[in-house]
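S.K.: The structure's right below; bear with me while I get my questions together.
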Amino acid sequence: MSLVSDLLAGDHRALARTITTIENRASGYRDIVSELHEHTGTADVIGVTGSPGAGKSTLVDKLTRQYRDNDLTVGVLAIDPSSPFTGGSVLGDRIRMGSTTGDMDVFVRSMSARGRLGGLSTATADAVKALDAFGKDKIIIETVGAGQNEIDIVKTADTVAVLVPPETGDDIQMLKAGIFEIGDVFVVNKADLSGADRTVKELQEMIRTREDYTTGENEPTAIDQAIDRTETDWEPQVIETIANDGEGVEELATVLQEHAEYLVESGTRTRRAQQRYAQEITTHLREDLRHLTAQEIDARGSLDEFAAAVTRRETDPYTIVDELIAPIEECIHHRADREEIDPER
Amino acid sequence: MSTEQGQGQRAVRCLVAKVGLDGHDRGAHVIARAFRDAGFEVIYSGLHKSPDEIVQAAVQEDVDVLGVSILSGAHNTLVPKIVDGLAEYNALSDTLVIVGGIVPEDDRPELKELGVAEIFGPGASMEETIQFVRENAPQR
C-alpha cells in the first residue's frame with residue numbers, strides 16, 4: 001500500500017509521515033500532494049493569528065474541544081519560529097493542547113517555520129491538503145505570531161481570526177499597519193483583564209471606519225484588492241473570550257461557522273479557492289523556473305563567473321540573462337511557430 | 001517536473017516528554033534547549049503526560065527521536081507502556097527511544113531489552129547526548 005492510500009484509509013501514521021515528507025520536501029512529495037489534491041476541498045480552514053502571548057494556542061485548544069463536542073474532527077497545524085542561526089526550534093504549542101490529548105480524532109502537528117518569514121509557506125499549504133484529504137472537518141492553522149507579515153495566512157485559510165490582547169495600544173498600532181485588515185473575526189482574548197472593553201470598542205470603531213474614504217461603500221478597498229478580497233459584505237465580528245476557562249469559545253465557534261456559511265452562500269469560497277490556486281500555480285512555476293535556471297547557470301559555469309565577467313566589463317547582466325533564458329525562449333517560440341503552420345496540433 | 005525532488009530540508013525532530021507524576025522538568029528544559037541549539041526541532045510535551053498522550057504526540061509529530069525524562073522511579077511501569085503504544089502504531093522500529101533521569105543500574109538491561117536505545121543518567125553530558133542522537137537518529 002502506498003502512503004497516500006494508507007492516508008486515505010485513515011491511517012494516522014501515514015498522515016504523519018506524509019506531512020513529514022511534505023515538510024522536508026523529500027523525494028516524491030510533489031507526487032504525493034498531486035495525488036491528494038482531488039480528495040481535498042471539504043474542510044473549513046481557519047487561520048488563527050495574533051501577537052506572541054496573545055493566547056493563540058490556548059484558544060485553539062478550547063476551540064478544538066468545542067468542535068469535538070459537536071462531533072467534528074479537527075486537524076491543527078501549529079507553527080513556531082525556528083532559530084535563524086542553528087535552524088533549531090522548540091515547538092511549544094502542543095503543551096497548551098491539553099483539552100483533547102488522547103483523542104486521536106484531533107491531529108496536532110507542530111511545524112517549524114524553518115526560516116521562512118511570514119511563518120506560513122508552501123509546505124503549510126501542502127500540509128493542509130494532507131489533513132483535508134484525510135477527512136478532517138476543521139483545520140486550524142496557528143501562525144507564528146510575528147505580526148505584520150502574517151498576511152500569508154489569508155491565502156491559505158478560509159476564515160481568519162485575529163487575537164488581540166486587551167490594553168495593548170502598541171498592538172493596535174500594529175493592527176493598523178497589517179493584520180487588522182485580514183481579520184474576519186477579531187478575538188479580544190483575556191477579556192477578564194482591565195481594558196478589554198476599550199479594546200473591543202476600538203476594534204469596532206476601526207471596523208466601522210474600515211470602508212476606505214477613497215472608494216464608495218461596498219467597494220473593495222486597496223487592502224481588499226491587495227489580498228484578492230473582492231467581497232465586502234461580511235462585517236468582521238468582535239468576540240470576547242477568556243481562553244483559559246473557555247468563556248466565549250462557543251460564541252466564537254458560532255461566528256466562525258457563520259462566516260463559513262457566508263463564504264459558501266455568497267460564492268466567495270469557490271472564488272477564493274480559485275484565486276488561491278492561481279497563486280499556488282504562480283508560486284510553483286516561479287520556484288521551478290528558478291531551479292531550472294540555476295541548473296542552466298551551473299551547466300555553463302557559475303553565477304560568480306558570470307558576475308566576474310560583468311565586473312570586467314566583458315558583458316552585462318541583461319546579455320547574460322538573455323543567453324541563459326534563450327533555450328526556454330526557443331522552445332516556446334518554436335512551438336508557437338509550429339502551431340501557426342499546423343493549427344490542429 | 002521534479003526539479004525540486006530530493007533536495008529536501010531535513011531536520012532531526014525530537015519529542016522531549018515528561019511522563020507520569022513527576023514535576024521536575026528542569027532537566028527536560030535544559031535538554032530541549034540544547035537540542036534546539038544543536039539544530040533539532042524539539043517538541044516539548046509539558047508535564048504530567050500519560051504514556052498514551054506521549055505515544056499520540058510521537059506518532060502525530062512523526063518524530064525521529066523520543067526522549068523520555070523520568071525522575072520518579074516509575075520507569076519500569078511507564079516506559080513499557082510507551083514502547084507498546086509505539087509498536088501498536090508501527091512506530092517503534094524507526095523511532096529512537098532514549099531515557100533520561102534516574103534509572104538504577106539494575107533496571108537498565110530490561111529497558112534496553114524493550115527497545116530503549118540508551119539511558120542517560122545524572123552525569124551524562126549534553127555533547128554526549130547530542131552526539132548519540134546525531135549518530136543514531138533513524139535515517140528514513
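In the C-alpha cells, the first chain shown is A, the next is B, and so on; residue numbers restart at 1 for each chain, and ligands run from 1 in the order shown.
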Taking only C-alpha atoms into account, produce a table as CSV in which each residue of chain A with an atom at most 6 Å from an atom of chain B appears once, together with its shortest atom pair and the distance in Å to one decimal, ordered by chain and rising number.
M.R.:
residue,atom,partner,partner_atom,distance
A:Ala16,CA,B:Gln60,CA,5.2
A:Asn24,CA,B:Gln9,CA,4.7
A:Arg25,CA,B:Gly8,CA,4.5
A:Ala26,CA,B:Gly8,CA,4.6
A:Ser27,CA,B:Gly6,CA,4.2
A:Thr86,CA,B:Gly39,CA,4.8
A:Gly87,CA,B:Gly39,CA,5.0
A:Gly88,CA,B:Gly39,CA,3.6
A:Ser89,CA,B:Glu41,CA,4.8
A:Val90,CA,B:Val42,CA,4.6
A:Leu91,CA,B:Ile43,CA,4.7
A:Gly92,CA,B:Tyr44,CA,5.9
A:Ile95,CA,B:Gly46,CA,5.1
A:Thr101,CA,B:Glu53,CA,5.9
A:Gly102,CA,B:Glu53,CA,5.2
A:Arg109,CA,B:Glu61,CA,5.4
S.K.: Could you name the residues that touch region 129-132 of chain A at 9 Å or less, counting only C-alpha atoms, but leaving out those on the same chain fewer than 3 positions away, as an mmCIF file with C-alpha atoms, in the first residue's frame?
M.R.:
data_model
loop_
_atom_site.group_PDB
_atom_site.id
_atom_site.type_symbol
_atom_site.label_atom_id
_atom_site.label_comp_id
_atom_site.auth_asym_id
_atom_site.auth_seq_id
_atom_site.Cartn_x
_atom_site.Cartn_y
_atom_site.Cartn_z
ATOM 1 C CA LEU A 7 -3.655 8.087 4.476
ATOM 2 C CA LEU A 15 -0.813 11.077 7.671
ATOM 3 C CA THR A 18 3.022 12.356 4.654
ATOM 4 C CA ILE A 19 3.325 15.668 6.462
ATOM 5 C CA VAL A 33 0.459 16.270 -2.951
ATOM 6 C CA LEU A 36 -4.036 14.146 -2.542
ATOM 7 C CA HIS A 37 -5.464 17.136 -4.336
ATOM 8 C CA HIS A 39 -9.558 14.419 -2.261
ATOM 9 C CA THR A 40 -9.409 17.932 -0.820
ATOM 10 C CA GLY A 41 -11.800 20.837 -0.671
ATOM 11 C CA THR A 42 -14.208 19.733 2.048
ATOM 12 C CA ALA A 43 -12.547 21.036 5.207
ATOM 13 C CA ASP A 44 -13.035 24.513 6.649
ATOM 14 C CA VAL A 45 -9.619 26.068 7.118
ATOM 15 C CA VAL A 74 -10.046 18.535 13.823
ATOM 16 C CA GLY A 75 -6.565 18.972 12.422
ATOM 17 C CA VAL A 76 -4.254 21.570 13.909
ATOM 18 C CA PHE A 107 -4.444 15.576 14.880
ATOM 19 C CA THR A 124 1.988 24.575 5.260
ATOM 20 C CA ALA A 125 -0.473 24.823 2.389
ATOM 21 C CA ASP A 126 0.505 21.307 1.321
ATOM 22 C CA GLY A 135 -11.089 13.901 6.097
ATOM 23 C CA LYS A 136 -10.753 16.450 8.873
ATOM 24 C CA ASP A 137 -13.845 18.662 9.169
ATOM 25 C CA LYS A 138 -11.994 21.642 10.593
ATOM 26 C CA ILE A 139 -8.377 22.562 10.074
#
S.K.: Extract, using only C-alpha atoms, all DNA, RNA and protein residues at most 6 Å from region 92-102 of chain B, discarding same-chain residues fewer than 2 positions from it, and format them as number ranges by chain.
M.R.: B: 64-71, 86-87, 90, 116-121, 137-138
S.K.: I need the alpha helix (DSSP H) residues of region 193-322 of chain A per DSSP on the backbone, written as a PyMOL selection string.
M.R.: chain A and resi 196-208+222-226+249-265+268-299+303-311+317-322
S.K.: Give me every strand (DSSP E or B) residue in region 14-119 of chain B, going by DSSP on the backbone, as a PyMOL selection string.
M.R.: chain B and resi 14-19+41-44+49+65-70+96-101+118-119
S.K.: Deliver the residues from the most recent selection as a file, using N, CA and C atoms, as a PDB file, in the first residue's frame.
M.R.:
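Saved as out39.pdb:
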ATOM      1  N   CYS B  14      12.557  15.842  17.464  1.00  0.00           N
ATOM      2  CA  CYS B  14      12.589  15.146  18.751  1.00  0.00           C
ATOM      3  C   CYS B  14      11.362  15.519  19.577  1.00  0.00           C
ATOM      4  N   LEU B  15      10.855  14.549  20.297  1.00  0.00           N
ATOM      5  CA  LEU B  15       9.858  14.853  21.319  1.00  0.00           C
ATOM      6  C   LEU B  15      10.520  14.658  22.665  1.00  0.00           C
ATOM      7  N   VAL B  16      10.546  15.720  23.457  1.00  0.00           N
ATOM      8  CA  VAL B  16      11.055  15.610  24.822  1.00  0.00           C
ATOM      9  C   VAL B  16       9.826  15.494  25.716  1.00  0.00           C
ATOM     10  N   ALA B  17       9.718  14.363  26.385  1.00  0.00           N
ATOM     11  CA  ALA B  17       8.469  14.065  27.079  1.00  0.00           C
ATOM     12  C   ALA B  17       8.679  13.851  28.575  1.00  0.00           C
ATOM     13  N   LYS B  18       7.781  14.433  29.341  1.00  0.00           N
ATOM     14  CA  LYS B  18       7.723  14.150  30.774  1.00  0.00           C
ATOM     15  C   LYS B  18       6.520  13.243  31.004  1.00  0.00           C
ATOM     16  N   VAL B  19       6.773  12.133  31.675  1.00  0.00           N
ATOM     17  CA  VAL B  19       5.695  11.164  31.839  1.00  0.00           C
ATOM     18  C   VAL B  19       5.374  10.938  33.313  1.00  0.00           C
ATOM     19  N   GLU B  41      14.611  20.064  15.728  1.00  0.00           N
ATOM     20  CA  GLU B  41      13.280  20.594  16.012  1.00  0.00           C
ATOM     21  C   GLU B  41      12.743  19.849  17.215  1.00  0.00           C
ATOM     22  N   VAL B  42      12.475  20.581  18.263  1.00  0.00           N
ATOM     23  CA  VAL B  42      12.113  19.948  19.521  1.00  0.00           C
ATOM     24  C   VAL B  42      10.660  20.238  19.870  1.00  0.00           C
ATOM     25  N   ILE B  43       9.924  19.197  20.139  1.00  0.00           N
ATOM     26  CA  ILE B  43       8.572  19.370  20.637  1.00  0.00           C
ATOM     27  C   ILE B  43       8.599  18.978  22.102  1.00  0.00           C
ATOM     28  N   TYR B  44       8.144  19.871  22.950  1.00  0.00           N
ATOM     29  CA  TYR B  44       8.128  19.562  24.373  1.00  0.00           C
ATOM     30  C   TYR B  44       6.709  19.228  24.789  1.00  0.00           C
ATOM     31  N   LYS B  49       2.350  13.930  31.580  1.00  0.00           N
ATOM     32  CA  LYS B  49       1.663  13.290  30.460  1.00  0.00           C
ATOM     33  C   LYS B  49       1.537  11.790  30.709  1.00  0.00           C
ATOM     34  N   VAL B  65      13.144  11.026  17.171  1.00  0.00           N
ATOM     35  CA  VAL B  65      13.691  10.704  18.488  1.00  0.00           C
ATOM     36  C   VAL B  65      12.647  11.001  19.556  1.00  0.00           C
ATOM     37  N   LEU B  66      12.460  10.049  20.460  1.00  0.00           N
ATOM     38  CA  LEU B  66      11.614  10.295  21.626  1.00  0.00           C
ATOM     39  C   LEU B  66      12.488  10.215  22.867  1.00  0.00           C
ATOM     40  N   GLY B  67      12.634  11.348  23.528  1.00  0.00           N
ATOM     41  CA  GLY B  67      13.409  11.384  24.763  1.00  0.00           C
ATOM     42  C   GLY B  67      12.466  11.454  25.947  1.00  0.00           C
ATOM     43  N   VAL B  68      12.461  10.409  26.760  1.00  0.00           N
ATOM     44  CA  VAL B  68      11.556  10.383  27.910  1.00  0.00           C
ATOM     45  C   VAL B  68      12.340  10.743  29.163  1.00  0.00           C
ATOM     46  N   SER B  69      11.861  11.734  29.867  1.00  0.00           N
ATOM     47  CA  SER B  69      12.522  12.137  31.098  1.00  0.00           C
ATOM     48  C   SER B  69      11.727  11.620  32.287  1.00  0.00           C
ATOM     49  N   ILE B  70      12.380  10.802  33.101  1.00  0.00           N
ATOM     50  CA  ILE B  70      11.713  10.260  34.280  1.00  0.00           C
ATOM     51  C   ILE B  70      12.613  10.380  35.498  1.00  0.00           C
ATOM     52  N   LEU B  96      13.885   6.486  17.599  1.00  0.00           N
ATOM     53  CA  LEU B  96      14.960   6.281  18.555  1.00  0.00           C
ATOM     54  C   LEU B  96      14.443   6.684  19.928  1.00  0.00           C
ATOM     55  N   VAL B  97      14.287   5.692  20.809  1.00  0.00           N
ATOM     56  CA  VAL B  97      13.771   5.989  22.150  1.00  0.00           C
ATOM     57  C   VAL B  97      14.936   6.078  23.124  1.00  0.00           C
ATOM     58  N   ILE B  98      15.067   7.206  23.776  1.00  0.00           N
ATOM     59  CA  ILE B  98      16.085   7.332  24.812  1.00  0.00           C
ATOM     60  C   ILE B  98      15.424   7.777  26.110  1.00  0.00           C
ATOM     61  N   VAL B  99      16.060   7.421  27.209  1.00  0.00           N
ATOM     62  CA  VAL B  99      15.506   7.761  28.520  1.00  0.00           C
ATOM     63  C   VAL B  99      16.534   8.591  29.266  1.00  0.00           C
ATOM     64  N   GLY B 100      16.064   9.639  29.908  1.00  0.00           N
ATOM     65  CA  GLY B 100      16.941  10.443  30.743  1.00  0.00           C
ATOM     66  C   GLY B 100      16.372  10.514  32.142  1.00  0.00           C
ATOM     67  N   GLY B 101      17.258  10.511  33.124  1.00  0.00           N
ATOM     68  CA  GLY B 101      16.760  10.628  34.503  1.00  0.00           C
ATOM     69  C   GLY B 101      17.476   9.671  35.425  1.00  0.00           C
ATOM     70  N   GLU B 118      19.227   4.077  24.628  1.00  0.00           N
ATOM     71  CA  GLU B 118      20.249   4.479  25.588  1.00  0.00           C
ATOM     72  C   GLU B 118      19.591   5.154  26.773  1.00  0.00           C
ATOM     73  N   ILE B 119      20.279   5.093  27.905  1.00  0.00           N
ATOM     74  CA  ILE B 119      19.784   5.729  29.119  1.00  0.00           C
ATOM     75  C   ILE B 119      20.839   6.713  29.607  1.00  0.00           C
TER      76      ILE B 119
END
